[in-house]
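A.B. asks: This is work.csv (CSV, C-alpha atoms and all ligand atoms).
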```csv
chain,number,residue,atom,x,y,z
A,991,MET,CA,-24.1,-27.8,15.1
A,992,ASP,CA,-27.3,-26.6,13.3
A,993,ASP,CA,-27.6,-23.6,15.6
A,994,LEU,CA,-24.3,-22.3,14.1
A,995,GLY,CA,-26.0,-21.7,10.8
A,996,PRO,CA,-24.6,-22.4,7.3
A,997,VAL,CA,-20.9,-22.1,6.6
A,998,ASP,CA,-19.9,-19.1,4.4
A,999,ILE,CA,-18.4,-20.8,1.4
A,1000,PRO,CA,-15.7,-18.8,-0.6
A,1001,PRO,CA,-16.2,-18.5,-4.3
A,1002,TYR,CA,-12.6,-19.2,-5.2
A,1003,ARG,CA,-9.6,-21.3,-4.1
A,1004,PRO,CA,-6.4,-22.3,-5.8
A,1005,PRO,CA,-6.6,-25.6,-7.8
A,1006,SER,CA,-4.2,-27.2,-5.5
A,1007,GLU,CA,-6.7,-26.6,-2.6
A,1008,ALA,CA,-9.5,-28.6,-4.3
A,1009,HIS,CA,-9.6,-31.0,-1.4
A,1010,SER,CA,-9.0,-28.5,1.4
A,1011,VAL,CA,-11.4,-27.3,4.0
A,1012,LEU,CA,-12.2,-23.7,3.0
A,1013,VAL,CA,-12.4,-21.2,5.9
A,1014,ARG,CA,-13.7,-17.8,4.8
A,1015,VAL,CA,-11.9,-15.1,6.8
A,1016,THR,CA,-12.6,-12.1,4.5
A,1017,ARG,CA,-14.9,-11.5,1.6
A,1018,GLY,CA,-13.7,-10.0,-1.6
A,1019,CYS,CA,-10.4,-8.4,-2.4
A,1020,ALA,CA,-9.2,-5.3,-0.6
A,1021,TRP,CA,-7.3,-4.2,-3.8
A,1022,ASN,CA,-9.7,-5.3,-6.6
A,1023,ARG,CA,-8.0,-3.2,-9.3
A,1024,CYS,CA,-6.0,-5.7,-11.4
A,1025,ALA,CA,-7.1,-5.1,-15.0
A,1026,PHE,CA,-7.3,-8.8,-15.9
A,1027,CYS,CA,-9.2,-10.0,-12.8
A,1028,GLY,CA,-13.0,-10.4,-12.5
A,1029,MET,CA,-13.0,-12.6,-9.4
A,1030,TYR,CA,-14.4,-10.2,-6.9
A,1031,LYS,CA,-15.7,-7.3,-9.1
A,1032,GLY,CA,-18.9,-6.0,-7.5
A,1033,MET,CA,-18.2,-7.5,-4.1
A,1034,ARG,CA,-17.4,-5.1,-1.3
A,1035,PHE,CA,-14.4,-6.1,0.7
A,1036,GLU,CA,-15.0,-7.0,4.4
A,1037,ALA,CA,-13.2,-8.7,7.2
A,1038,ARG,CA,-15.7,-11.1,8.7
A,1039,PRO,CA,-16.3,-10.8,12.4
A,1040,ARG,CA,-14.0,-13.1,14.4
A,1041,ALA,CA,-17.0,-14.8,16.1
A,1042,GLU,CA,-18.5,-15.7,12.7
A,1043,VAL,CA,-15.3,-17.2,11.4
A,1044,GLU,CA,-14.9,-19.2,14.6
A,1045,ALA,CA,-18.4,-20.5,14.3
A,1046,ASP,CA,-17.6,-21.7,10.8
A,1047,ILE,CA,-14.4,-23.3,12.1
A,1048,ALA,CA,-16.5,-25.2,14.7
A,1049,ARG,CA,-18.9,-26.5,12.1
A,1050,LEU,CA,-16.2,-27.4,9.6
A,1051,THR,CA,-14.3,-29.3,12.3
A,1052,ALA,CA,-17.4,-31.3,13.0
A,1053,GLU,CA,-17.8,-32.1,9.3
A,1054,ARG,CA,-14.2,-32.9,8.5
A,1055,PRO,CA,-12.3,-33.5,11.8
A,1056,ASP,CA,-9.5,-35.4,9.9
A,1057,ALA,CA,-8.9,-32.8,7.2
A,1058,ARG,CA,-5.3,-32.7,6.0
A,1059,SER,CA,-5.3,-29.2,4.5
A,1060,ILE,CA,-7.1,-25.9,5.2
A,1061,PHE,CA,-7.3,-22.9,2.9
A,1062,LEU,CA,-8.1,-19.4,4.3
A,1063,ALA,CA,-10.2,-17.3,1.9
A,1064,ASP,CA,-10.9,-14.9,0.2
A,1065,SER,CA,-8.2,-13.0,-1.6
A,1066,ASP,CA,-5.6,-11.9,0.9
A,1067,ALA,CA,-7.3,-13.2,4.1
A,1068,LEU,CA,-4.1,-12.2,5.9
A,1069,VAL,CA,-5.1,-8.5,6.1
A,1070,HIS,CA,-7.8,-9.5,8.6
A,1071,PRO,CA,-7.0,-7.5,11.8
A,1072,GLU,CA,-7.3,-10.7,13.9
A,1073,ILE,CA,-5.7,-13.1,11.6
A,1074,VAL,CA,-3.1,-14.4,14.1
A,1075,PRO,CA,-5.6,-15.7,16.6
A,1076,LEU,CA,-7.8,-17.0,13.7
A,1077,VAL,CA,-4.9,-19.0,12.3
A,1078,ALA,CA,-4.2,-20.3,15.8
A,1079,ALA,CA,-7.9,-21.3,16.1
A,1080,VAL,CA,-7.7,-23.2,12.8
A,1081,ARG,CA,-4.5,-24.9,13.9
A,1082,ARG,CA,-6.1,-26.0,17.2
A,1083,ALA,CA,-9.3,-27.1,15.5
A,1084,PHE,CA,-7.5,-29.1,12.8
A,1085,SER,CA,-4.6,-30.4,14.8
A,1086,GLY,CA,-3.8,-33.2,12.3
A,1087,ALA,CA,-3.7,-30.9,9.3
A,1088,GLU,CA,-0.5,-31.0,7.3
A,1089,ARG,CA,-0.9,-27.5,5.9
A,1090,ILE,CA,-2.8,-24.3,6.4
A,1091,THR,CA,-2.6,-21.9,3.5
A,1092,SER,CA,-3.8,-18.6,2.2
A,1093,TYR,CA,-3.6,-16.2,-0.8
A,1094,THR,CA,-1.7,-13.0,0.0
A,1095,ARG,CA,-0.7,-10.0,-2.1
A,1096,LEU,CA,2.9,-9.0,-2.9
A,1097,HIS,CA,2.0,-5.6,-1.4
A,1098,THR,CA,0.8,-7.2,1.8
A,1099,LEU,CA,4.0,-9.2,2.1
A,1100,SER,CA,6.1,-6.1,1.5
A,1101,ARG,CA,4.2,-3.8,3.8
A,1102,ARG,CA,4.1,-6.0,6.9
A,1103,PRO,CA,7.3,-6.6,8.8
A,1104,LEU,CA,9.0,-9.9,9.0
A,1105,ARG,CA,8.1,-10.4,12.6
A,1106,ARG,CA,4.4,-10.4,11.6
A,1107,TRP,CA,5.0,-13.2,9.1
A,1108,LEU,CA,7.0,-15.1,11.8
A,1109,GLU,CA,4.0,-14.7,14.1
A,1110,LEU,CA,1.7,-16.2,11.4
A,1111,ARG,CA,4.1,-19.0,10.7
A,1112,GLU,CA,4.3,-19.7,14.5
A,1113,ALA,CA,0.5,-19.7,14.7
A,1114,GLY,CA,0.3,-22.4,12.1
A,1115,LEU,CA,0.1,-20.9,8.6
A,1116,THR,CA,2.4,-22.9,6.3
A,1117,ARG,CA,1.9,-21.9,2.7
A,1118,LEU,CA,1.4,-18.6,0.8
A,1119,HIS,CA,-0.2,-18.5,-2.6
A,1120,VAL,CA,0.9,-15.2,-4.2
A,1121,GLY,CA,-0.1,-13.7,-7.6
A,1122,LEU,CA,3.2,-12.6,-9.2
A,1123,GLU,CA,1.5,-12.5,-12.7
A,1124,SER,CA,4.6,-10.9,-14.3
A,1125,GLY,CA,8.1,-9.9,-13.4
A,1126,ASP,CA,8.1,-7.0,-15.9
A,1127,ASP,CA,7.6,-3.6,-14.4
A,1128,GLY,CA,5.9,-2.2,-17.5
A,1129,ILE,CA,3.3,-5.0,-17.6
A,1130,LEU,CA,2.8,-4.9,-13.8
A,1131,ALA,CA,2.0,-1.2,-14.1
A,1132,ARG,CA,-0.2,-1.6,-17.1
A,1133,VAL,CA,-2.4,-4.1,-15.4
A,1134,HIS,CA,-2.5,-2.2,-12.1
A,1135,LYS,CA,-1.0,-5.0,-10.0
A,1136,GLY,CA,0.2,-2.5,-7.4
A,1137,ALA,CA,3.7,-4.2,-7.3
A,1138,THR,CA,7.1,-4.0,-8.9
A,1139,ALA,CA,9.6,-6.7,-9.9
A,1140,GLN,CA,12.1,-5.6,-7.2
A,1141,GLY,CA,9.3,-5.4,-4.7
A,1142,ALA,CA,8.2,-9.0,-5.7
A,1143,ILE,CA,11.8,-10.2,-5.1
A,1144,GLU,CA,12.0,-8.7,-1.7
A,1145,ALA,CA,8.5,-9.8,-0.7
A,1146,GLY,CA,9.2,-13.4,-1.9
A,1147,ARG,CA,12.4,-13.5,0.1
A,1148,LYS,CA,10.6,-12.3,3.1
A,1149,ALA,CA,8.1,-15.2,2.8
A,1150,LEU,CA,11.0,-17.6,2.6
A,1151,ALA,CA,12.8,-16.0,5.5
A,1152,ALA,CA,9.7,-16.7,7.6
A,1153,ARG,CA,9.9,-20.3,6.3
A,1154,PHE,CA,6.7,-20.4,4.3
A,1155,ASP,CA,6.1,-22.7,1.4
A,1156,LEU,CA,5.8,-20.1,-1.3
A,1157,CYS,CA,3.8,-20.5,-4.5
A,1158,PHE,CA,4.0,-17.8,-7.2
A,1159,TYR,CA,1.2,-17.7,-9.9
A,1160,VAL,CA,2.2,-16.4,-13.3
A,1161,LEU,CA,-0.2,-15.3,-16.0
A,1162,SER,CA,0.9,-16.6,-19.4
A,1163,GLY,CA,0.0,-14.2,-22.1
A,1164,LEU,CA,-0.2,-11.1,-19.9
A,1165,GLY,CA,2.3,-9.2,-22.1
A,1166,GLY,CA,0.1,-9.8,-25.1
A,1167,GLU,CA,1.5,-10.4,-28.5
A,1168,SER,CA,3.9,-7.4,-28.3
A,1169,ASP,CA,5.6,-7.9,-24.9
A,1170,TRP,CA,5.8,-11.7,-24.5
A,1171,GLU,CA,9.6,-11.6,-24.4
A,1172,ALA,CA,9.8,-8.9,-21.7
A,1173,HIS,CA,7.1,-10.8,-19.8
A,1174,ALA,CA,9.1,-14.1,-19.9
A,1175,ALA,CA,12.5,-12.6,-19.2
A,1176,GLY,CA,11.3,-10.3,-16.3
A,1177,THR,CA,9.3,-13.2,-14.7
A,1178,ALA,CA,12.3,-15.5,-15.0
A,1179,ARG,CA,14.5,-12.9,-13.2
A,1180,VAL,CA,12.1,-12.7,-10.3
A,1181,ILE,CA,11.6,-16.5,-10.0
A,1182,ALA,CA,15.3,-17.2,-10.1
A,1183,ALA,CA,16.0,-14.5,-7.5
A,1184,VAL,CA,13.4,-15.8,-5.1
A,1185,ALA,CA,13.4,-19.5,-5.7
A,1186,PRO,CA,9.9,-20.2,-4.5
A,1187,ARG,CA,8.9,-23.8,-3.9
A,1188,PHE,CA,6.2,-23.7,-6.6
A,1189,VAL,CA,5.5,-21.7,-9.7
A,1190,ARG,CA,2.1,-22.3,-11.4
A,1191,LEU,CA,1.3,-20.9,-14.8
A,1192,ARG,CA,-2.2,-20.1,-16.0
A,1193,SER,CA,-3.1,-18.5,-19.3
A,1194,LEU,CA,-4.8,-15.2,-19.6
A,1195,VAL,CA,-8.5,-15.5,-20.4
A,1196,ILE,CA,-9.9,-12.0,-20.9
A,1197,LEU,CA,-13.2,-11.8,-19.0
A,1198,PRO,CA,-16.1,-9.4,-19.8
A,1199,ARG,CA,-16.5,-6.4,-17.5
A,1200,THR,CA,-12.8,-6.2,-16.8
A,1201,PRO,CA,-10.5,-3.2,-17.8
A,1202,LEU,CA,-8.5,-5.5,-20.0
A,1203,HIS,CA,-11.6,-6.5,-21.9
A,1204,GLU,CA,-12.2,-2.8,-22.6
A,1205,GLU,CA,-8.6,-2.5,-23.9
A,1206,LEU,CA,-9.3,-5.5,-26.1
A,1207,GLN,CA,-12.4,-3.9,-27.4
A,1208,ALA,CA,-10.6,-0.7,-28.0
A,1209,GLY,CA,-7.8,-2.5,-29.9
A,1210,SER,CA,-5.1,-1.4,-27.5
A,1211,PHE,CA,-4.3,-4.9,-26.3
A,1212,THR,CA,-3.6,-7.8,-28.7
A,1213,PRO,CA,-3.8,-11.2,-27.0
A,1214,ALA,CA,-0.9,-13.6,-27.4
A,1215,PRO,CA,-2.1,-16.5,-29.5
A,1216,PRO,CA,-1.2,-20.1,-28.4
A,1217,ARG,CA,2.0,-20.2,-30.5
A,1218,THR,CA,3.3,-17.1,-28.8
A,1219,ARG,CA,2.4,-18.5,-25.3
A,1220,LEU,CA,4.4,-21.7,-26.0
A,1221,ARG,CA,7.4,-19.6,-27.0
A,1222,GLU,CA,6.9,-17.4,-23.9
A,1223,THR,CA,6.8,-20.5,-21.6
A,1224,ALA,CA,9.9,-21.9,-23.2
A,1225,LEU,CA,11.8,-18.7,-22.8
A,1226,LEU,CA,10.6,-18.4,-19.2
A,1227,ILE,CA,11.9,-21.9,-18.4
A,1228,ALA,CA,15.2,-21.4,-20.3
A,1229,GLU,CA,15.9,-18.0,-18.8
A,1230,THR,CA,15.0,-19.1,-15.2
A,1231,VAL,CA,17.5,-22.0,-15.5
A,1232,ARG,CA,20.1,-19.7,-16.9
A,1233,ARG,CA,19.7,-17.3,-14.0
A,1234,ILE,CA,19.6,-20.1,-11.4
A,1235,GLY,CA,23.1,-20.9,-12.7
A,1236,GLU,CA,24.2,-17.4,-11.9
A,1237,ARG,CA,22.7,-17.3,-8.4
A,1238,PRO,CA,25.0,-16.4,-5.5
A,1239,ALA,CA,26.1,-19.3,-3.3
A,1240,PRO,CA,24.0,-20.1,-0.3
A,1241,GLY,CA,24.5,-17.6,2.5
A,1242,ALA,CA,25.6,-14.8,0.2
A,1243,SER,CA,23.5,-11.6,0.6
A,1244,ALA,CA,21.9,-10.7,-2.7
A,1245,LEU,CA,19.4,-8.2,-1.3
A,1246,PRO,CA,20.7,-4.6,-1.0
A,1247,LEU,CA,20.2,-3.1,2.4
A,1248,PRO,CA,18.2,0.2,2.5
A,1249,ALA,CA,20.4,3.1,1.5
A,1250,GLY,CA,21.0,5.3,4.5
A,1251,PRO,CA,19.1,5.1,7.8
A,1252,ARG,CA,15.8,6.8,7.4
A,1253,ALA,CA,13.9,7.6,10.7
A,1254,GLU,CA,12.9,4.8,13.0
A,1255,ALA,CA,11.9,2.4,10.2
A,1256,GLY,CA,15.5,2.0,9.2
A,1257,ALA,CA,16.5,-0.6,11.8
A,1258,ARG,CA,13.4,-2.7,11.2
A,1259,ALA,CA,13.9,-2.6,7.5
A,1260,ARG,CA,17.5,-3.6,7.8
A,1261,ALA,CA,16.5,-6.5,10.0
A,1262,ASP,CA,13.9,-7.6,7.5
A,1263,ALA,CA,16.3,-7.2,4.6
A,1264,ALA,CA,19.0,-9.2,6.3
A,1265,ALA,CA,16.6,-12.0,7.3
A,1266,ALA,CA,15.2,-12.0,3.8
A,1267,ALA,CA,18.6,-12.3,2.3
A,1268,ALA,CA,19.3,-15.2,4.6
A,1269,GLY,CA,16.1,-16.8,3.4
A,1270,ALA,CA,17.1,-16.4,-0.2
A,1271,GLY,CA,20.5,-18.0,0.5
A,1272,ALA,CA,18.8,-20.9,2.3
A,1273,GLU,CA,16.7,-21.6,-0.8
A,1274,ALA,CA,19.5,-21.1,-3.3
A,1275,GLY,CA,20.3,-24.8,-3.8
A,1276,SER,CA,16.6,-26.0,-3.9
A,1277,GLU,CA,14.6,-26.9,-6.9
A,1278,ILE,CA,11.5,-25.0,-8.1
A,1279,GLU,CA,8.4,-27.0,-9.1
A,1280,ILE,CA,6.9,-25.5,-12.2
A,1281,ALA,CA,3.4,-26.5,-13.4
A,1282,SER,CA,1.4,-25.3,-16.4
A,1283,ASP,CA,-1.1,-28.2,-16.4
A,1284,HIS,CA,-4.0,-25.9,-15.7
A,1285,PHE,CA,-6.9,-26.2,-18.1
A,1286,SER,CA,-6.4,-22.6,-19.3
A,1287,ASN,CA,-3.1,-23.6,-20.8
A,1288,TYR,CA,-4.4,-26.4,-23.0
A,1289,ILE,CA,-4.1,-26.1,-26.8
A,1290,TRP,CA,-5.9,-28.1,-29.5
A,1291,ALA,CA,-4.7,-28.3,-33.1
A,1292,ASP,CA,-7.2,-29.6,-35.7
A,1293,GLY,CA,-9.3,-30.9,-32.9
A,1294,ARG,CA,-6.5,-32.8,-31.1
A,1295,LEU,CA,-5.1,-31.9,-27.8
A,1296,VAL,CA,-1.5,-31.1,-28.5
A,1297,TYR,CA,-0.5,-29.3,-25.3
A,1298,GLY,CA,-1.7,-30.1,-21.8
A,1299,GLY,CA,1.0,-28.1,-20.1
A,1300,VAL,CA,4.2,-29.1,-18.5
A,1301,ASN,CA,5.1,-30.1,-14.9
A,1302,GLY,CA,8.5,-30.6,-13.5
A,1303,PHE,CA,11.4,-29.3,-11.4
A,1304,LEU,CA,13.8,-26.6,-12.4
A,1305,PRO,CA,16.6,-26.8,-13.2
A,1306,GLY,CA,16.7,-30.6,-13.5
A,1307,ASP,CA,13.7,-31.2,-15.7
A,1308,ALA,CA,14.2,-28.2,-18.0
A,1309,PRO,CA,15.4,-30.2,-21.1
A,1310,LEU,CA,12.3,-32.5,-20.9
A,1311,LEU,CA,9.9,-29.5,-20.4
A,1312,LEU,CA,11.5,-27.6,-23.3
A,1313,GLU,CA,11.2,-30.6,-25.6
A,1314,THR,CA,7.5,-30.9,-24.7
A,1315,LEU,CA,7.0,-27.3,-25.6
A,1316,ALA,CA,9.0,-27.6,-28.8
A,1317,GLU,CA,6.9,-30.6,-29.8
A,1318,ALA,CA,3.7,-28.7,-29.1
A,1319,LEU,CA,5.0,-25.7,-31.1
A,1320,ARG,CA,5.7,-28.0,-34.1
A,1321,ALA,CA,2.2,-29.4,-33.9
A,1322,VAL,CA,0.6,-26.0,-33.7
A,1323,SER,CA,2.7,-24.7,-36.6
A,1324,ALA,CA,1.7,-27.6,-38.8
A,1325,CYS,CA,-2.1,-27.2,-38.2
A,1326,ARG,CA,-4.7,-24.8,-39.5
A,1327,ALA,CA,-7.3,-24.8,-36.7
A,1328,VAL,CA,-5.7,-24.0,-33.4
A,1329,GLN,CA,-7.8,-23.4,-30.3
A,1330,ASP,CA,-7.3,-22.6,-26.7
A,1331,PRO,CA,-9.6,-21.6,-23.9
A,1332,ALA,CA,-8.7,-17.9,-24.3
A,1333,GLY,CA,-9.6,-17.9,-28.0
A,1334,LEU,CA,-12.8,-19.9,-27.4
A,1335,ALA,CA,-13.8,-17.4,-24.6
A,1336,ARG,CA,-13.3,-14.5,-27.0
A,1337,SER,CA,-15.4,-16.3,-29.6
A,1338,GLY,CA,-18.2,-16.8,-27.1
A,1339,ARG,CA,-17.7,-20.6,-27.0
A,1340,GLY,CA,-15.7,-20.8,-23.8
A,1341,ALA,CA,-18.6,-21.7,-21.6
A,1342,SER,CA,-19.5,-24.8,-23.5
A,1343,LEU,CA,-15.9,-26.0,-23.6
A,1344,TYR,CA,-15.5,-25.6,-19.9
A,1345,SER,CA,-18.8,-27.3,-19.1
A,1346,ALA,CA,-17.8,-30.2,-21.3
A,1347,LEU,CA,-14.9,-31.1,-19.1
A,1401,LIG,S1,-5.8,-10.6,-9.0
A,1401,LIG,FE1,-5.9,-10.8,-6.8
A,1401,LIG,S2,-5.2,-8.9,-6.0
A,1401,LIG,FE2,-5.7,-8.5,-8.1
A,1401,LIG,S3,-7.9,-7.8,-8.1
A,1401,LIG,FE3,-7.9,-10.1,-8.4
A,1401,LIG,S4,-8.1,-11.0,-6.4
A,1401,LIG,FE4,-7.5,-8.8,-6.1
```
How would this structure read if it were set down as structure tokens?
Ligand code: SF4

C.D. replies:
Amino acid sequence: MDDLGPVDIPPYRPPSEAHSVLVRVTRGCAWNRCAFCGMYKGMRFEARPRAEVEADIARLTAERPDARSIFLADSDALVHPEIVPLVAAVRRAFSGAERITSYTRLHTLSRRPLRRWLELREAGLTRLHVGLESGDDGILARVHKGATAQGAIEAGRKALAARFDLCFYVLSGLGGESDWEAHAAGTARVIAAVAPRFVRLRSLVILPRTPLHEELQAGSFTPAPPRTRLRETALLIAETVRRIGERPAPGASALPLPAGPRAEAGARARADAAAAAAGAGAEAGSEIEIASDHFSNYIWADGRLVYGGVNGFLPGDAPLLLETLAEALRAVSACRAVQDPAGLARSGRGASLYSAL
């Protein structure tokens, strides 16, 4: 295998893909404009030549023939023009894998027709990791996410209609100190309307050389402190559960069909919308796994870890999760020195904290 050269290793993958084989299909992010994101800044986006990716797949197969999960990188690998044959090649190479997953953008989900997603599902892709970040339109616009709440609902339902496992990522604290309630309420609305299989929460850590860092420096963005983020997470959970209780019965169409036939796209859009509505109905009785046990969410009070996140299923585990959050809020309120990774990063001590763990 030495003649194949070294495998191109992607710089990022979701935490849940820590043990996955990583296949780099694209480099960088085709969007690269989100105000909070420093992942691929300075990296030019490119779709890797198919032959290069196939050579990596051959080498990775030789190294880990029994791999159970495969992650396709970088950000939104699914915009690669030859992604369907590449997914099929991964499926053939790792025939025993339980899952093949990828990041994708809400915009990509919206823009591509349902039949494209069905093709990818048929080729072997099983799970989509999608950055929702927020379900509030004002916040989404402010951070240049290139998505709206309604677009996120329709995109998520399309993913479910194609029978993908869907994971939404939410960025706690993205509304700052001023808009935490709108952030929580809007996000709950999207989550309840879509009912993805997973919701993972991470807390905003403002990175140097990002537009949000410039806003912070200019005083136009006030970060949400740990106490606010706890309240925000509690509201997100409570509001999601309340809205789940209001969801239409399975099979009911909750997605409006496009108003008026418009050119030849109308029929395709109607087919997508009907299928997406059916997907939403199919998921209406299912539980949503929510996890905020990512390190960025940790909170220390007077040197003691008082919050390591919550992890459970909605709606069933909501009382337990809310009690954990209330307990953490009490601990934070009773202490003088409260720390979290976001605050430590702002004070310049984030690196040592991360490297200590
Ligand atoms: S958050 Fe995702 S879509 Fe936005 S710039 Fe970063 S990698 Fe690209």

A.B. asks: Per residue of chain A within 8 Å of ligand LIG 1401 (chain A), which atom pair is closest and at what distance in Å (one decimal), using all atoms listed in the file, listed by chain and increasing number, as a tab-separated table?

C.D. replies:
```
residue	atom	partner	partner_atom	distance
A:Gly1018	CA	A:LIG1401	S4	7.4
A:Cys1019	CA	A:LIG1401	FE4	4.7
A:Ala1020	CA	A:LIG1401	FE4	6.7
A:Trp1021	CA	A:LIG1401	FE4	5.1
A:Asn1022	CA	A:LIG1401	S3	3.4
A:Arg1023	CA	A:LIG1401	S3	4.8
A:Cys1024	CA	A:LIG1401	FE2	4.3
A:Ala1025	CA	A:LIG1401	S3	7.5
A:Phe1026	CA	A:LIG1401	S1	7.3
A:Cys1027	CA	A:LIG1401	FE3	4.6
A:Gly1028	CA	A:LIG1401	FE3	6.6
A:Met1029	CA	A:LIG1401	FE3	5.8
A:Tyr1030	CA	A:LIG1401	S4	6.4
A:Lys1031	CA	A:LIG1401	S3	7.9
A:Ser1065	CA	A:LIG1401	S4	5.2
A:Asp1066	CA	A:LIG1401	S2	7.5
A:Arg1095	CA	A:LIG1401	S2	6.1
A:Gly1121	CA	A:LIG1401	FE1	6.5
A:Lys1135	CA	A:LIG1401	FE2	6.2
```

A.B. asks: Just give me the gap between atom CA of A:Gly1302 and atom CA of A:Thr1138 in Å, one decimal is fine.

C.D. replies: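 One can read the atom CA of A:Gly1302 to atom CA of A:Thr1138 distance as 27.0 Å.
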
A.B. asks: I'd like to know which of A:Leu1076, A:Leu1164, A:Leu1150, A:Leu1115 is closest to A:Ala1045, using all atoms listed in the file.

C.D. replies: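 Nearest to A:Ala1045: A:Leu1076.
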
A.B. asks: For each of A:Thr1098, A:Thr1223, A:Ser1323, A:Ser1162, take the minimum atom-to-atom distance to A:Val1296, counting all atoms listed in the file, then give the residue where this is smallest.

C.D. replies: A:Ser1323

A.B. asks: How many Å lie between atom CA of A:Ala1316 and atom CA of A:Ser1282, rounded to one decimal?

C.D. replies: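 About the pair atom CA of A:Ala1316 and atom CA of A:Ser1282: they are 14.7 Å apart.
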
A.B. asks: Hey, what's within 8 Å of A:Ile1196 if we count only C-alpha atoms and toss same-chain stuff fewer than 3 positions away? As a ChimeraX atom specification, please?

C.D. replies: /A:1026,1200,1202-1203,1332,1335-1336

A.B. asks: Would you mind reading off the distance between atom CA of A:Arg1058 and atom CA of A:Ser1085, one decimal, in Å?

C.D. replies: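 These atoms are spaced 9.1 Å apart.
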
A.B. asks: Determine, counting all atoms listed in the file, every residue of protein, DNA or RNA that lies within 9 Å of (-5.8, -19.7, -26.1) in the file coordinates, then give the result as a list of chain:residue names.

C.D. replies: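 Residues with an atom close enough to that point: A:Gly1163, A:Ser1193, A:Leu1194, A:Val1195, A:Pro1213, A:Ala1214, A:Pro1215, A:Pro1216, A:Arg1217, A:Arg1219, A:Ser1286, A:Asn1287, A:Tyr1288, A:Ile1289, A:Val1328, A:Gln1329, A:Asp1330, A:Pro1331, A:Ala1332, A:Gly1333, A:Leu1334, A:Ala1335.
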
A.B. asks: Out of A:Ser1059, A:Ile1234, A:Tyr1093, A:Ile1129, which residue has the shortest atom-to-atom distance to A:Ser1168 when counting all atoms listed in the file?

C.D. replies: A:Ile1129

A.B. asks: Choose the residue, out of A:Ala1131, A:Ala1052, A:Ile1073, A:Ala1008, that has the smallest atom-to-atom separation from A:Arg1038; count all atoms listed in the file.

C.D. replies: A:Ile1073

A.B. asks: Find, counting all atoms listed in the file, the residue in A:Leu1225, A:Leu1206, A:Leu1311, A:Val1013 that gets nearest to A:Leu1062.

C.D. replies: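 Among A:Leu1225, A:Leu1206, A:Leu1311, A:Val1013, it is A:Val1013 that comes nearest to A:Leu1062.
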
A.B. asks: Which polymer residues have any atom within 12 Å of an atom of A:Ala1142, counting only C-alpha atoms, with same-chain residues fewer than 4 positions away left out, as a PyMOL selection string?

C.D. replies: chain A and resi 1095-1101+1120-1127+1130+1135-1138+1146-1149+1158-1159+1176-1177+1179-1186

A.B. asks: Could you save those same residues with C-alpha atoms as a PDB file, in the coordinates of the input?

C.D. replies:
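Output file part-v1.pdb is given in full below:
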```
ATOM      1  CA  ARG A1095      -0.700 -10.000  -2.100  1.00  0.00           C
ATOM      2  CA  LEU A1096       2.900  -9.000  -2.900  1.00  0.00           C
ATOM      3  CA  HIS A1097       2.000  -5.600  -1.400  1.00  0.00           C
ATOM      4  CA  THR A1098       0.800  -7.200   1.800  1.00  0.00           C
ATOM      5  CA  LEU A1099       4.000  -9.200   2.100  1.00  0.00           C
ATOM      6  CA  SER A1100       6.100  -6.100   1.500  1.00  0.00           C
ATOM      7  CA  ARG A1101       4.200  -3.800   3.800  1.00  0.00           C
ATOM      8  CA  VAL A1120       0.900 -15.200  -4.200  1.00  0.00           C
ATOM      9  CA  GLY A1121      -0.100 -13.700  -7.600  1.00  0.00           C
ATOM     10  CA  LEU A1122       3.200 -12.600  -9.200  1.00  0.00           C
ATOM     11  CA  GLU A1123       1.500 -12.500 -12.700  1.00  0.00           C
ATOM     12  CA  SER A1124       4.600 -10.900 -14.300  1.00  0.00           C
ATOM     13  CA  GLY A1125       8.100  -9.900 -13.400  1.00  0.00           C
ATOM     14  CA  ASP A1126       8.100  -7.000 -15.900  1.00  0.00           C
ATOM     15  CA  ASP A1127       7.600  -3.600 -14.400  1.00  0.00           C
ATOM     16  CA  LEU A1130       2.800  -4.900 -13.800  1.00  0.00           C
ATOM     17  CA  LYS A1135      -1.000  -5.000 -10.000  1.00  0.00           C
ATOM     18  CA  GLY A1136       0.200  -2.500  -7.400  1.00  0.00           C
ATOM     19  CA  ALA A1137       3.700  -4.200  -7.300  1.00  0.00           C
ATOM     20  CA  THR A1138       7.100  -4.000  -8.900  1.00  0.00           C
ATOM     21  CA  GLY A1146       9.200 -13.400  -1.900  1.00  0.00           C
ATOM     22  CA  ARG A1147      12.400 -13.500   0.100  1.00  0.00           C
ATOM     23  CA  LYS A1148      10.600 -12.300   3.100  1.00  0.00           C
ATOM     24  CA  ALA A1149       8.100 -15.200   2.800  1.00  0.00           C
ATOM     25  CA  PHE A1158       4.000 -17.800  -7.200  1.00  0.00           C
ATOM     26  CA  TYR A1159       1.200 -17.700  -9.900  1.00  0.00           C
ATOM     27  CA  GLY A1176      11.300 -10.300 -16.300  1.00  0.00           C
ATOM     28  CA  THR A1177       9.300 -13.200 -14.700  1.00  0.00           C
ATOM     29  CA  ARG A1179      14.500 -12.900 -13.200  1.00  0.00           C
ATOM     30  CA  VAL A1180      12.100 -12.700 -10.300  1.00  0.00           C
ATOM     31  CA  ILE A1181      11.600 -16.500 -10.000  1.00  0.00           C
ATOM     32  CA  ALA A1182      15.300 -17.200 -10.100  1.00  0.00           C
ATOM     33  CA  ALA A1183      16.000 -14.500  -7.500  1.00  0.00           C
ATOM     34  CA  VAL A1184      13.400 -15.800  -5.100  1.00  0.00           C
ATOM     35  CA  ALA A1185      13.400 -19.500  -5.700  1.00  0.00           C
ATOM     36  CA  PRO A1186       9.900 -20.200  -4.500  1.00  0.00           C
TER      37      PRO A1186
END
```

A.B. asks: Smallest atom-to-atom distance to A:Ile1280: which of A:Phe1303, A:Trp1107, A:Phe1084, A:Tyr1297, using only C-alpha atoms?

C.D. replies: A:Phe1303
